[in-house]
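A.B. asks: upload.txt is the file, holding compact mmCIF, C-alpha atoms and all ligand atoms:
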```txt
# COMPACT_ATOMS: atom_id res chain seq x y z
CA MET A 1 23.58 121.14 -17.87
CA PRO A 2 19.89 122.20 -17.98
CA PHE A 3 19.19 119.22 -15.71
CA LEU A 4 21.33 120.82 -13.00
CA GLY A 5 19.50 124.13 -13.43
CA GLU A 6 16.17 125.13 -14.88
CA ARG A 7 15.08 121.50 -15.57
CA PHE A 8 15.67 120.26 -12.06
CA GLY A 9 12.67 117.92 -11.70
CA ASN A 10 12.73 114.57 -9.88
CA PRO A 11 11.75 111.75 -12.29
CA SER A 12 9.58 110.25 -9.56
CA GLY A 13 7.50 113.45 -9.34
CA LEU A 14 4.10 113.45 -11.01
CA TYR A 15 4.34 117.18 -11.83
CA ALA A 16 5.46 118.50 -15.22
CA PHE A 17 9.11 119.02 -14.18
CA GLY A 18 9.21 115.44 -12.96
CA ARG A 19 7.73 114.08 -16.17
CA GLU A 20 10.28 116.06 -18.15
CA ALA A 21 13.12 114.55 -16.11
CA GLN A 22 11.64 111.06 -16.51
CA ALA A 23 11.43 111.55 -20.27
CA ALA A 24 15.10 112.57 -20.33
CA VAL A 25 16.09 109.44 -18.36
CA ASP A 26 13.98 107.26 -20.66
CA GLY A 27 15.62 108.86 -23.71
CA ALA A 28 19.11 108.19 -22.34
CA ARG A 29 18.14 104.60 -21.54
CA ALA A 30 16.95 104.05 -25.10
CA THR A 31 20.17 105.56 -26.47
CA VAL A 32 22.42 103.40 -24.27
CA ALA A 33 20.37 100.30 -25.10
CA ASN A 34 20.78 101.05 -28.78
CA CYS A 35 24.57 101.43 -28.37
CA LEU A 36 24.76 98.05 -26.62
CA ASN A 37 22.26 96.26 -28.88
CA ALA A 38 20.15 95.70 -25.76
CA ARG A 39 16.59 96.45 -24.70
CA PRO A 40 15.97 99.62 -22.69
CA SER A 41 14.60 97.47 -19.86
CA GLU A 42 18.02 95.79 -19.65
CA VAL A 43 19.88 99.07 -18.95
CA LEU A 44 20.37 100.34 -15.39
CA PHE A 45 22.04 103.61 -14.49
CA THR A 46 24.46 103.55 -11.56
CA SER A 47 27.05 105.75 -9.85
CA GLY A 48 29.92 104.38 -11.95
CA GLY A 49 31.96 101.34 -12.89
CA THR A 50 32.57 100.24 -9.31
CA GLU A 51 28.88 100.17 -8.43
CA SER A 52 27.95 98.40 -11.66
CA ILE A 53 30.58 95.71 -11.12
CA ASN A 54 29.72 95.20 -7.43
CA SER A 55 26.00 95.07 -8.21
CA ALA A 56 26.53 92.54 -10.99
CA LEU A 57 28.85 90.25 -9.05
CA VAL A 58 27.23 90.34 -5.65
CA GLY A 59 23.67 90.65 -7.02
CA ILE A 60 23.93 87.75 -9.46
CA ALA A 61 26.01 85.44 -7.23
CA TYR A 62 23.64 85.94 -4.31
CA ALA A 63 20.52 85.31 -6.41
CA MET A 64 22.02 82.21 -8.04
CA ARG A 65 23.03 80.69 -4.72
CA ARG A 66 19.64 81.49 -3.23
CA ALA A 67 18.09 79.58 -6.14
CA GLY A 68 20.26 76.60 -5.20
CA ALA A 69 22.35 76.76 -8.37
CA GLY A 70 25.77 76.61 -6.71
CA ASN A 71 28.46 78.76 -5.11
CA HIS A 72 31.49 78.77 -7.42
CA ILE A 73 32.72 81.86 -9.27
CA ILE A 74 35.43 82.13 -11.94
CA THR A 75 37.28 85.37 -12.48
CA SER A 76 40.78 86.47 -13.47
CA ALA A 77 43.67 87.67 -11.35
CA ILE A 78 44.00 90.80 -13.50
CA GLU A 79 40.56 92.33 -12.91
CA HIS A 80 40.26 95.89 -11.65
CA HIS A 81 40.11 96.07 -7.85
CA ALA A 82 36.37 96.79 -8.12
CA GLY A 83 35.94 93.22 -9.38
CA LEU A 84 38.66 91.57 -7.29
CA HIS A 85 37.50 93.07 -4.03
CA ALA A 86 33.87 92.25 -4.79
CA VAL A 87 34.69 88.56 -5.27
CA GLN A 88 36.88 88.62 -2.17
CA PHE A 89 33.80 89.85 -0.31
CA LEU A 90 31.80 86.98 -1.83
CA GLU A 91 34.53 84.60 -0.69
CA GLU A 92 33.93 85.82 2.85
CA LEU A 93 30.25 84.98 2.32
CA GLY A 94 31.17 81.40 1.51
CA PHE A 95 31.58 81.42 -2.27
CA GLU A 96 34.49 79.55 -3.81
CA ILE A 97 36.52 81.60 -6.24
CA THR A 98 38.82 80.44 -9.05
CA TYR A 99 41.26 83.13 -10.16
CA LEU A 100 42.56 82.49 -13.67
CA GLY A 101 46.09 83.62 -14.42
CA CYS A 102 47.14 85.23 -17.69
CA SER A 103 49.85 84.97 -20.33
CA ASP A 104 52.88 87.25 -20.40
CA SER A 105 50.92 89.46 -22.78
CA GLY A 106 48.12 89.88 -20.24
CA HIS A 107 45.58 87.57 -21.89
CA VAL A 108 43.32 85.11 -20.12
CA SER A 109 42.90 81.78 -21.93
CA ALA A 110 39.40 80.67 -22.98
CA GLU A 111 40.62 77.03 -22.78
CA GLU A 112 41.77 77.49 -19.19
CA PHE A 113 38.46 79.13 -18.48
CA ALA A 114 36.56 76.17 -19.93
CA ALA A 115 38.61 73.78 -17.80
CA ALA A 116 37.68 75.74 -14.66
CA LEU A 117 33.91 75.33 -15.16
CA ARG A 118 32.29 72.90 -12.73
CA PRO A 119 28.78 71.88 -11.72
CA GLN A 120 28.77 74.39 -8.86
CA THR A 121 29.81 77.34 -11.07
CA VAL A 122 27.16 80.07 -11.11
CA LEU A 123 29.02 83.17 -12.27
CA ALA A 124 32.05 84.18 -14.31
CA SER A 125 33.52 87.65 -14.59
CA VAL A 126 36.35 88.52 -16.96
CA MET A 127 37.11 92.06 -18.05
CA LEU A 128 36.75 93.02 -21.71
CA ALA A 129 39.99 95.02 -21.79
CA ASN A 130 42.58 95.39 -19.08
CA ASN A 131 43.08 98.91 -17.78
CA GLU A 132 46.82 98.58 -17.14
CA VAL A 133 48.19 96.84 -20.21
CA GLY A 134 45.22 97.06 -22.60
CA ALA A 135 44.94 93.30 -23.28
CA VAL A 136 41.57 92.56 -24.90
CA GLN A 137 40.17 89.36 -23.46
CA PRO A 138 38.42 86.61 -25.46
CA ILE A 139 34.96 87.25 -24.01
CA ALA A 140 33.01 85.80 -26.95
CA ASP A 141 35.09 82.57 -26.70
CA ILE A 142 34.49 82.44 -22.96
CA ALA A 143 30.75 82.88 -23.57
CA GLU A 144 30.90 80.02 -26.06
CA ALA A 145 32.68 77.80 -23.54
CA ILE A 146 29.85 78.53 -21.10
CA ARG A 147 27.23 77.72 -23.76
CA ASP A 148 28.98 74.41 -24.58
CA TYR A 149 29.15 73.49 -20.91
CA ALA A 150 25.54 74.53 -20.34
CA ALA A 151 24.37 72.43 -23.31
CA ARG A 152 26.15 69.32 -22.02
CA ARG A 153 25.10 69.71 -18.40
CA SER A 154 21.89 71.77 -18.67
CA HIS A 155 23.49 74.12 -16.16
CA ARG A 156 23.37 77.93 -16.21
CA VAL A 157 26.46 80.07 -15.65
CA MET A 158 26.05 83.85 -15.83
CA LEU A 159 28.80 85.86 -17.52
CA HIS A 160 29.68 89.43 -16.54
CA THR A 161 32.30 91.60 -18.19
CA ASP A 162 33.89 94.78 -16.89
CA ALA A 163 33.86 96.78 -20.13
CA VAL A 164 34.90 100.06 -18.50
CA GLN A 165 37.94 100.48 -20.78
CA ALA A 166 36.20 99.50 -24.00
CA PRO A 167 33.88 102.33 -25.19
CA GLY A 168 35.29 104.30 -28.07
CA TRP A 169 37.72 101.52 -28.97
CA LEU A 170 35.88 98.18 -29.08
CA PRO A 171 32.42 97.04 -30.22
CA LEU A 172 29.97 96.79 -27.32
CA ASP A 173 27.28 94.52 -28.79
CA VAL A 174 26.14 92.44 -25.82
CA HIS A 175 24.75 89.71 -28.08
CA ALA A 176 27.96 89.35 -30.06
CA LEU A 177 29.88 89.25 -26.78
CA GLY A 178 27.42 86.73 -25.34
CA VAL A 179 27.36 88.32 -21.89
CA ASP A 180 24.56 88.44 -19.32
CA ALA A 181 25.89 91.55 -17.61
CA LEU A 182 28.26 94.33 -18.63
CA SER A 183 29.57 97.32 -16.68
CA LEU A 184 30.51 100.78 -17.94
CA SER A 185 31.82 103.96 -16.33
CA SER A 186 30.67 107.17 -18.03
CA HIS A 187 33.78 109.27 -17.50
CA LYS A 188 35.84 106.72 -19.45
CA PHE A 189 33.96 107.66 -22.60
CA GLY A 190 33.71 111.41 -22.12
CA GLY A 191 30.62 111.41 -19.90
CA PRO A 192 30.29 112.77 -16.37
CA LYS A 193 32.20 111.34 -13.41
CA GLY A 194 30.15 109.42 -10.86
CA SER A 195 27.84 107.86 -13.46
CA GLY A 196 27.79 104.40 -14.94
CA VAL A 197 25.76 101.73 -16.69
CA LEU A 198 24.93 98.15 -15.85
CA PHE A 199 23.53 96.02 -18.64
CA LEU A 200 21.58 93.14 -17.13
CA ARG A 201 20.13 90.69 -19.61
CA ARG A 202 16.43 89.95 -19.20
CA ALA A 203 15.76 87.07 -16.78
CA THR A 204 19.25 87.18 -15.27
CA PRO A 205 18.86 86.26 -11.59
CA PHE A 206 19.66 89.42 -9.64
CA GLN A 207 19.36 90.63 -6.06
CA PRO A 208 19.57 94.45 -5.87
CA LEU A 209 22.29 95.87 -3.65
CA LEU A 210 20.49 99.11 -2.88
CA HIS A 211 17.14 98.88 -1.15
CA GLY A 212 14.63 101.69 -0.98
CA GLY A 213 12.41 103.15 -3.68
CA GLY A 214 11.41 101.38 -6.86
CA GLN A 215 13.66 103.30 -9.24
CA GLU A 216 15.50 101.61 -12.10
CA MET A 217 12.86 98.92 -12.49
CA GLN A 218 13.17 97.89 -8.83
CA LYS A 219 16.83 97.02 -9.37
CA ARG A 220 18.64 100.12 -8.08
CA ALA A 221 16.86 102.23 -5.48
CA GLY A 222 17.54 105.95 -5.12
CA THR A 223 16.65 109.17 -6.93
CA GLU A 224 18.24 109.16 -10.37
CA ASN A 225 21.26 111.33 -11.20
CA VAL A 226 19.38 112.87 -14.12
CA ALA A 227 22.20 115.11 -15.38
CA GLY A 228 24.68 112.24 -15.15
CA ILE A 229 22.31 109.88 -16.96
CA VAL A 230 21.59 112.32 -19.78
CA GLY A 231 25.33 112.99 -20.15
CA THR A 232 26.00 109.25 -20.22
CA GLY A 233 23.59 108.70 -23.12
CA VAL A 234 25.03 111.52 -25.21
CA ALA A 235 28.66 110.58 -24.49
CA LEU A 236 28.21 106.87 -25.25
CA GLU A 237 26.56 107.64 -28.57
CA LEU A 238 29.35 110.07 -29.49
CA SER A 239 32.01 107.53 -28.52
CA LEU A 240 30.67 105.11 -31.14
CA GLN A 241 30.95 107.65 -33.93
CA GLY A 242 34.13 107.45 -36.00
CA GLN A 243 35.41 104.56 -33.89
CA ALA A 244 37.26 102.80 -36.72
CA ASP A 245 39.15 105.97 -37.74
CA ARG A 246 39.92 106.82 -34.13
CA ARG A 247 41.40 103.37 -33.57
CA VAL A 248 43.74 103.69 -36.55
CA ARG A 249 44.80 107.26 -35.75
CA VAL A 250 45.43 106.68 -32.04
CA ARG A 251 47.19 103.35 -32.59
CA ALA A 252 49.61 105.03 -35.01
CA MET A 253 50.35 107.74 -32.41
CA ARG A 254 50.77 105.16 -29.66
CA ASP A 255 53.18 103.15 -31.81
CA ARG A 256 55.21 106.28 -32.58
CA LEU A 257 55.41 107.07 -28.88
CA ARG A 258 56.48 103.50 -28.09
CA ASP A 259 59.13 103.41 -30.82
CA GLY A 260 60.38 106.86 -29.82
CA ILE A 261 60.75 105.83 -26.19
CA LEU A 262 62.53 102.58 -27.02
CA ALA A 263 64.91 104.41 -29.39
CA ARG A 264 65.77 107.20 -26.91
CA ILE A 265 65.81 105.49 -23.52
CA PRO A 266 68.03 102.51 -22.65
CA ALA A 267 66.70 99.65 -20.51
CA ALA A 268 63.05 100.37 -21.34
CA THR A 269 60.71 97.44 -22.06
CA VAL A 270 57.11 97.33 -23.23
CA ASN A 271 55.00 95.41 -20.74
CA GLY A 272 52.88 92.79 -22.40
CA CYS A 273 50.29 93.48 -24.93
CA GLN A 274 51.31 94.04 -28.56
CA VAL A 275 48.52 92.11 -30.30
CA ASP A 276 44.81 92.01 -29.33
CA CYS A 277 45.13 95.10 -27.22
CA LEU A 278 43.54 98.51 -26.91
CA PRO A 279 45.04 101.02 -29.35
CA ASN A 280 45.40 103.78 -26.77
CA ASN A 281 47.40 102.09 -24.05
CA LEU A 282 51.16 101.92 -23.56
CA ASN A 283 52.74 100.40 -20.46
CA ILE A 284 56.52 100.66 -20.25
CA ALA A 285 59.02 99.49 -17.65
CA PHE A 286 62.08 101.65 -17.05
CA ASP A 287 64.69 99.57 -15.26
CA GLY A 288 66.09 101.08 -12.08
CA ILE A 289 63.35 103.58 -11.27
CA GLU A 290 60.45 103.86 -8.87
CA SER A 291 57.45 104.66 -11.04
CA ASP A 292 55.85 107.19 -8.71
CA ALA A 293 59.00 109.34 -8.87
CA LEU A 294 58.81 109.39 -12.67
CA VAL A 295 55.06 110.08 -12.63
CA ALA A 296 55.67 113.02 -10.27
CA GLY A 297 58.49 114.34 -12.48
CA LEU A 298 56.31 114.14 -15.57
CA ASP A 299 53.46 115.82 -13.73
CA GLU A 300 55.72 118.81 -13.05
CA ARG A 301 56.21 119.04 -16.82
CA GLY A 302 52.44 118.97 -17.39
CA ILE A 303 52.30 115.32 -18.50
CA ALA A 304 49.79 113.01 -16.81
CA ALA A 305 50.94 109.37 -16.69
CA SER A 306 50.14 106.73 -14.10
CA SER A 307 51.76 103.89 -12.24
CA GLY A 308 49.93 100.71 -11.34
CA SER A 309 51.60 100.45 -7.96
CA ALA A 310 49.76 101.11 -4.73
CA CYS A 311 51.85 103.21 -2.42
CA SER A 312 51.18 104.05 1.20
CA SER A 313 53.41 105.46 3.90
CA SER A 314 54.44 102.01 5.07
CA THR A 315 54.03 99.65 2.15
CA TRP A 316 54.45 99.65 -1.57
CA GLU A 317 52.78 97.10 -3.80
CA PRO A 318 53.55 96.77 -7.49
CA SER A 319 50.71 96.27 -9.96
CA HIS A 320 48.90 92.96 -9.47
CA VAL A 321 48.40 92.83 -13.24
CA LEU A 322 52.12 93.03 -14.05
CA MET A 323 52.89 90.49 -11.34
CA ALA A 324 50.29 88.08 -12.74
CA MET A 325 51.94 88.50 -16.17
CA GLY A 326 55.24 87.38 -14.67
CA VAL A 327 56.97 90.75 -15.06
CA PRO A 328 60.00 90.68 -12.74
CA ILE A 329 59.37 92.80 -9.67
CA ARG A 330 62.27 95.18 -10.40
CA ARG A 331 60.56 96.01 -13.70
CA ALA A 332 57.06 96.13 -12.25
CA VAL A 333 58.05 98.78 -9.71
CA GLY A 334 59.42 100.96 -12.52
CA SER A 335 56.44 100.67 -14.87
CA VAL A 336 54.46 103.63 -16.13
CA ARG A 337 51.27 103.72 -18.19
CA PHE A 338 50.54 106.27 -20.88
CA SER A 339 46.91 106.50 -22.01
CA LEU A 340 46.03 108.29 -25.22
CA GLY A 341 42.61 109.72 -25.94
CA GLU A 342 40.47 111.13 -28.68
CA SER A 343 42.02 114.57 -28.21
CA THR A 344 45.67 113.46 -27.99
CA THR A 345 47.79 114.98 -30.75
CA ASP A 346 51.12 114.34 -32.46
CA GLU A 347 52.42 117.42 -30.65
CA ASP A 348 51.56 115.79 -27.33
CA MET A 349 53.65 112.76 -28.33
CA GLU A 350 56.57 115.01 -29.28
CA ALA A 351 56.24 116.82 -25.96
CA VAL A 352 56.48 113.53 -24.05
CA LEU A 353 59.45 112.34 -26.09
CA ALA A 354 61.21 115.67 -25.51
CA VAL A 355 61.15 115.45 -21.71
CA LEU A 356 60.92 111.74 -20.91
CA PRO A 357 64.63 110.80 -21.37
CA GLU A 358 65.71 113.49 -18.91
CA GLU A 359 62.99 112.59 -16.40
CA VAL A 360 63.91 108.89 -16.55
CA ARG A 361 67.59 109.82 -16.02
CA ARG A 362 66.58 111.90 -13.05
CA ALA A 363 64.39 109.15 -11.58
CA ARG A 364 67.20 106.65 -12.08
CA GLY A 365 69.56 108.90 -10.15
CA GLY A 366 67.06 109.16 -7.31
CA SER A 367 66.53 105.44 -7.03
CA SER A 368 70.02 104.19 -7.68
CA ARG A 369 69.92 102.08 -4.54
CA LEU A 370 66.80 100.22 -5.64
CA ALA A 371 68.78 97.37 -7.11
CA SER A 372 70.66 96.71 -3.91
CA ALA A 373 67.59 97.18 -1.72
CA VAL A 374 65.42 94.75 -3.64
CA LYS A 375 67.07 91.52 -4.67
CA VAL A 376 64.88 89.66 -7.08
CA ALA A 377 65.19 86.05 -8.10
CA ASP A 378 65.08 85.24 -11.81
CA GLN A 379 61.98 83.15 -11.39
CA PRO A 380 58.92 85.41 -11.59
CA ASN A 381 55.95 84.79 -9.37
CA THR A 382 52.88 84.13 -11.49
CA ALA A 383 50.66 82.56 -8.85
CA PRO A 384 47.30 84.30 -9.24
CA LEU A 385 46.69 86.91 -6.58
CA ALA A 386 50.04 86.38 -4.83
CA SER A 387 50.85 89.42 -2.75
CA HIS A 388 54.07 91.23 -3.51
CA ARG A 389 54.10 93.94 -0.94
CA LEU A 390 57.30 95.79 -0.26
CA GLU A 391 57.48 97.01 3.30
CA ARG A 392 59.05 100.33 4.01
CA ARG A 393 60.83 100.05 7.32
CA ASP A 394 62.41 103.47 7.07
CA MET A 395 59.92 106.09 5.93
CA ASP A 396 62.61 108.66 5.20
CA SER A 397 64.60 106.52 2.86
CA LEU A 398 62.51 105.44 -0.11
CA PHE A 399 65.18 103.27 -1.60
CA GLY A 400 67.27 102.64 1.45
CA GLU A 401 68.49 99.24 2.51
CA GLU A 402 65.42 98.91 4.73
CA TRP A 403 63.08 97.87 1.94
CA VAL A 404 62.26 94.21 2.32
CA LEU A 405 60.06 91.96 0.31
CA GLY A 406 57.15 90.42 2.09
CA SER A 407 53.66 89.17 1.61
CA GLU A 408 50.48 89.86 3.50
CA SER A 409 51.04 86.72 5.53
CA GLY A 410 54.52 87.92 6.39
CA GLN A 411 56.10 85.24 4.23
CA VAL A 412 58.35 85.91 1.31
CA PRO A 413 56.47 85.19 -1.91
CA ARG A 414 57.63 82.33 -4.11
CA GLY A 415 60.40 83.40 -6.44
CA LEU A 416 61.53 86.40 -4.44
CA THR A 417 64.41 86.62 -2.03
CA PRO A 418 64.62 89.21 0.72
N1 LIG B 1 37.06 98.78 -14.09
C1 LIG B 1 38.08 99.26 -14.81
C2 LIG B 1 38.71 98.39 -15.85
C3 LIG B 1 38.54 100.57 -14.60
O1 LIG B 1 39.56 101.02 -15.33
C4 LIG B 1 37.90 101.36 -13.62
C5 LIG B 1 38.36 102.72 -13.34
O2 LIG B 1 39.41 103.14 -13.72
C6 LIG B 1 36.83 100.82 -12.90
C7 LIG B 1 36.44 99.53 -13.15
C8 LIG B 1 36.11 101.60 -11.84
O3 LIG B 1 35.28 102.59 -12.41
P1 LIG B 1 34.75 103.82 -11.56
O4 LIG B 1 35.94 104.61 -11.17
O5 LIG B 1 33.80 104.54 -12.45
O6 LIG B 1 34.05 103.30 -10.36
```
So, in terms of structure tokens, how does the structure I just supplied come out?
Ligand code: PLP
C.D. replies:
Amino acid sequence: MPFLGERFGNPSGLYAFGREAQAAVDGARATVANCLNARPSEVLFTSGGTESINSALVGIAYAMRRAGAGNHIITSAIEHHAGLHAVQFLEELGFEITYLGCSDSGHVSAEEFAAALRPQTVLASVMLANNEVGAVQPIADIAEAIRDYAARRSHRVMLHTDAVQAPGWLPLDVHALGVDALSLSSHKFGGPKGSGVLFLRRATPFQPLLHGGGQEMQKRAGTENVAGIVGTGVALELSLQGQADRRVRVRAMRDRLRDGILARIPAATVNGCQVDCLPNNLNIAFDGIESDALVAGLDERGIAASSGSACSSSTWEPSHVLMAMGVPIRRAVGSVRFSLGESTTDEDMEAVLAVLPEEVRRARGGSSRLASAVKVADQPNTAPLASHRLERRDMDSLFGEEWVLGSESGQVPRGLTP
């Protein structure tokens, strides 16, 4: 807070206030580097996870292609939209993208990854932990596959990981992970919103996205968000303390919540991840509901949950992660995610279990026509990045007969019948 008030200097200023601000930024950089087992010169501060991910993907891909190394990128179909949309942008710029699918637990396979490597591959980006189902991805194995390939072909492939969901739960040692770039978002580990970190290993080819001043070692122009940066350093360090105990305590609470829900509510299914997953994440499908209705009902009771669907006034798209996992669409549209945190208590779990059965009953009443509106074939659609948009022909009737299944191209996706 002092950096928003009495210590308001600009780190680029040569006056005392400026030097003080620069020292604070340098201190935070050293702290973050220490947390990541990196060098301070490998740590850039950004405006959040989205900027870090976009900078890494676009900046590295562009620099690699400019160096004549190739134009192929491997990623997964279950990345956060920050990653997916960045590679879609690169696709428009002429890059070829391979989207890896995942298992029904939400895990990407290191073997499939290895098989996707080719002489033109310059960049790979796979998230460390999925934000919707918590699946922890085999990043160290993927890094090893790249090393093997590189040794046989003397060919460099850069590896980025979106580690936004990992701090506080998983080790973040960039050497153990074997990554060249790693993205973090400060508010996910108790830091300020609108701040983030990009680790960029020394000598990684990189074209900055932001042009202007020479801040952040010429890699990210613009006056530094000093308060955000200082908060990031403190929060990341705190998130590493007591991590092992936190994992055990929160996992036990999460498991109690899961077991309580399954015991009290019929036709509820855990989506995916049970092993190799974050300890604080629970994603559950309630058959016969529309997730946003349940999320709204819970919100009225003071409980914040989220749905992975993207809803607009005319379309409704279930989570791309659940669809890639092969979750049937009728389950995907009724899936809700509960995220536990450091401060979550047993009483919070009891409070959720006390109101959830009634709220699910209520949501089921409200969406009783869902089943007849959306007819779903048994065969799930697991084609990476297939679109599963539901179009709302009648805005007034959320679950009226007017809902039809369609894809962006206007065709019905494989495995679904209108
Ligand atoms: N990546 C993952 C896995 C996320 O969960 C999020 C945000 O929820 C982001 C990226 C984007 O981070 P930010 O909102 O800081 O831009």
A.B. asks: Rounded to one decimal, what separation in Å do you get between atom CA of Pro138 of chain A and atom CA of Ile74 of chain A?
C.D. replies: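 These two atoms are separated by 14.6 Å.
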A.B. asks: Within 10 Å of ligand LIG 1 (chain B), which residues show up when you count only C-alpha atoms and all ligand atoms? List them as a count of residues only, please.
C.D. replies: 40
A.B. asks: When you look at Ser103 of chain A with a cut-off of 8 Å (counting only C-alpha atoms), what residues show up, excluding the ones that are within fewer than 5 positions of it in the same chain? I need them as a CSV table (one decimal) with C-alpha atoms, keeping the file's coordinate frame.
C.D. replies:
```csv
chain,number,residue,atom,x,y,z
A,108,VAL,CA,43.3,85.1,-20.1
A,109,SER,CA,42.9,81.8,-21.9
A,325,MET,CA,51.9,88.5,-16.2
```
A.B. asks: Find the residues near Phe89 of chain A: any atom within 12 Å, counting all atoms listed in the file, skip ones fewer than 4 places away on the same chain, and give them as an MDAnalysis selection string.
C.D. replies: chainID A and resid 54 57:58 61:62 81:85 93:97
A.B. asks: What does the file look like for those residues with C-alpha atoms, as a PDB file, keeping the file's coordinate frame?
C.D. replies:
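Below is the file out-v8.pdb, written as the result:
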```pdb
ATOM      1  CA  ASN A  54      29.720  95.200  -7.430  1.00  0.00           C
ATOM      2  CA  LEU A  57      28.850  90.250  -9.050  1.00  0.00           C
ATOM      3  CA  VAL A  58      27.230  90.340  -5.650  1.00  0.00           C
ATOM      4  CA  ALA A  61      26.010  85.440  -7.230  1.00  0.00           C
ATOM      5  CA  TYR A  62      23.640  85.940  -4.310  1.00  0.00           C
ATOM      6  CA  HIS A  81      40.110  96.070  -7.850  1.00  0.00           C
ATOM      7  CA  ALA A  82      36.370  96.790  -8.120  1.00  0.00           C
ATOM      8  CA  GLY A  83      35.940  93.220  -9.380  1.00  0.00           C
ATOM      9  CA  LEU A  84      38.660  91.570  -7.290  1.00  0.00           C
ATOM     10  CA  HIS A  85      37.500  93.070  -4.030  1.00  0.00           C
ATOM     11  CA  LEU A  93      30.250  84.980   2.320  1.00  0.00           C
ATOM     12  CA  GLY A  94      31.170  81.400   1.510  1.00  0.00           C
ATOM     13  CA  PHE A  95      31.580  81.420  -2.270  1.00  0.00           C
ATOM     14  CA  GLU A  96      34.490  79.550  -3.810  1.00  0.00           C
ATOM     15  CA  ILE A  97      36.520  81.600  -6.240  1.00  0.00           C
TER      16      ILE A  97
END
```
A.B. asks: Counting only C-alpha atoms, which residues of segment 200-290 of chain A sit at most 10 Å from some atom of segment 342-351 of chain A, and what is each one's closest atom pair with its distance in Å to one decimal, listed by chain and rising residue number, as JSON lines?
C.D. replies:
```
{"residue": "A:Ser239", "atom": "CA", "partner": "A:Glu342", "partner_atom": "CA", "distance": 9.2}
{"residue": "A:Gln243", "atom": "CA", "partner": "A:Glu342", "partner_atom": "CA", "distance": 9.8}
{"residue": "A:Arg246", "atom": "CA", "partner": "A:Glu342", "partner_atom": "CA", "distance": 7.0}
{"residue": "A:Arg247", "atom": "CA", "partner": "A:Glu342", "partner_atom": "CA", "distance": 9.2}
{"residue": "A:Arg249", "atom": "CA", "partner": "A:Glu342", "partner_atom": "CA", "distance": 9.1}
{"residue": "A:Val250", "atom": "CA", "partner": "A:Glu342", "partner_atom": "CA", "distance": 7.5}
{"residue": "A:Ala252", "atom": "CA", "partner": "A:Asp346", "partner_atom": "CA", "distance": 9.8}
{"residue": "A:Met253", "atom": "CA", "partner": "A:Asp346", "partner_atom": "CA", "distance": 6.6}
{"residue": "A:Arg254", "atom": "CA", "partner": "A:Met349", "partner_atom": "CA", "distance": 8.2}
{"residue": "A:Arg256", "atom": "CA", "partner": "A:Met349", "partner_atom": "CA", "distance": 7.9}
{"residue": "A:Leu257", "atom": "CA", "partner": "A:Met349", "partner_atom": "CA", "distance": 6.0}
{"residue": "A:Arg258", "atom": "CA", "partner": "A:Met349", "partner_atom": "CA", "distance": 9.7}
{"residue": "A:Gly260", "atom": "CA", "partner": "A:Glu350", "partner_atom": "CA", "distance": 9.0}
{"residue": "A:Asn280", "atom": "CA", "partner": "A:Glu342", "partner_atom": "CA", "distance": 9.1}
```
A.B. asks: Tell me which protein, DNA and RNA residues are within 12 Å of segment 66-72 of chain A, counting only C-alpha atoms, leaving out same-chain ones fewer than 5 positions away, and put them as JSON, numbers by chain.
C.D. replies: {"A": [57, 58, 59, 60, 61, 87, 90, 91, 92, 93, 94, 95, 96, 97, 98, 99, 116, 117, 118, 119, 120, 121, 122, 123, 124, 125, 154, 155, 156, 157, 158, 204, 205, 206, 207]}
A.B. asks: What is the distance between atom CA of Ser41 of chain A and atom CA of Ala23 of chain A, in Å to one decimal?
C.D. replies: 14.4 Å
A.B. asks: I'd like to know which of A:Val333, A:Leu236, A:Ile303, A:Leu282 is closest to Ile261 of chain A, using only C-alpha atoms.
C.D. replies: A:Leu282
A.B. asks: Contacts of segment 275-277 of chain A at 7 Å or less, counting all atoms listed in the file, minus same-chain residues fewer than 2 places along, as an MDAnalysis selection string?
C.D. replies: chainID A and resid 134:136 273 279
A.B. asks: Those residues with C-alpha atoms, as an mmCIF file, keeping the file's coordinate frame please?
C.D. replies:
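Heads up, here's the output in result_21.cif:
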```cif
data_model
loop_
_atom_site.group_PDB
_atom_site.id
_atom_site.type_symbol
_atom_site.label_atom_id
_atom_site.label_comp_id
_atom_site.auth_asym_id
_atom_site.auth_seq_id
_atom_site.Cartn_x
_atom_site.Cartn_y
_atom_site.Cartn_z
ATOM 1 C CA GLY A 134 45.220 97.060 -22.600
ATOM 2 C CA ALA A 135 44.940 93.300 -23.280
ATOM 3 C CA VAL A 136 41.570 92.560 -24.900
ATOM 4 C CA CYS A 273 50.290 93.480 -24.930
ATOM 5 C CA PRO A 279 45.040 101.020 -29.350
#
```
A.B. asks: Got a sec: who's within 12 Å of Leu298 of chain A, counting all atoms listed in the file, leaving out chain neighbours fewer than 3 positions off, as a VMD selection string?
C.D. replies: chain A and resid 291 to 295 301 to 307 336 to 338 351 to 360 362 to 363
A.B. asks: In Å, with one decimal, what is the gap from atom CA of Gly191 of chain A to atom CA of Ala235 of chain A?
C.D. replies: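 Atom CA of Gly191 of chain A sits 5.1 Å away from atom CA of Ala235 of chain A.
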A.B. asks: Determine the nearest neighbour of Glu224 of chain A from the options A:Ala21, A:Leu200, A:Ala38, A:Val321, counting all atoms listed in the file.
C.D. replies: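 Closest candidate: A:Ala21.
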A.B. asks: (19.7, 117.4, -22.3) in this file's frame - what residues fall within 9 Å of it? Use all atoms listed in the file and give the answer as a VMD selection string.
C.D. replies: chain A and resid 1 to 3 24 227 230 to 231 234
A.B. asks: Rank nothing, just name the residue among A:Pro318, A:Ala151, A:Ala33, A:Leu170 nearest to Glu237 of chain A, using all atoms listed in the file.
C.D. replies: A:Ala33
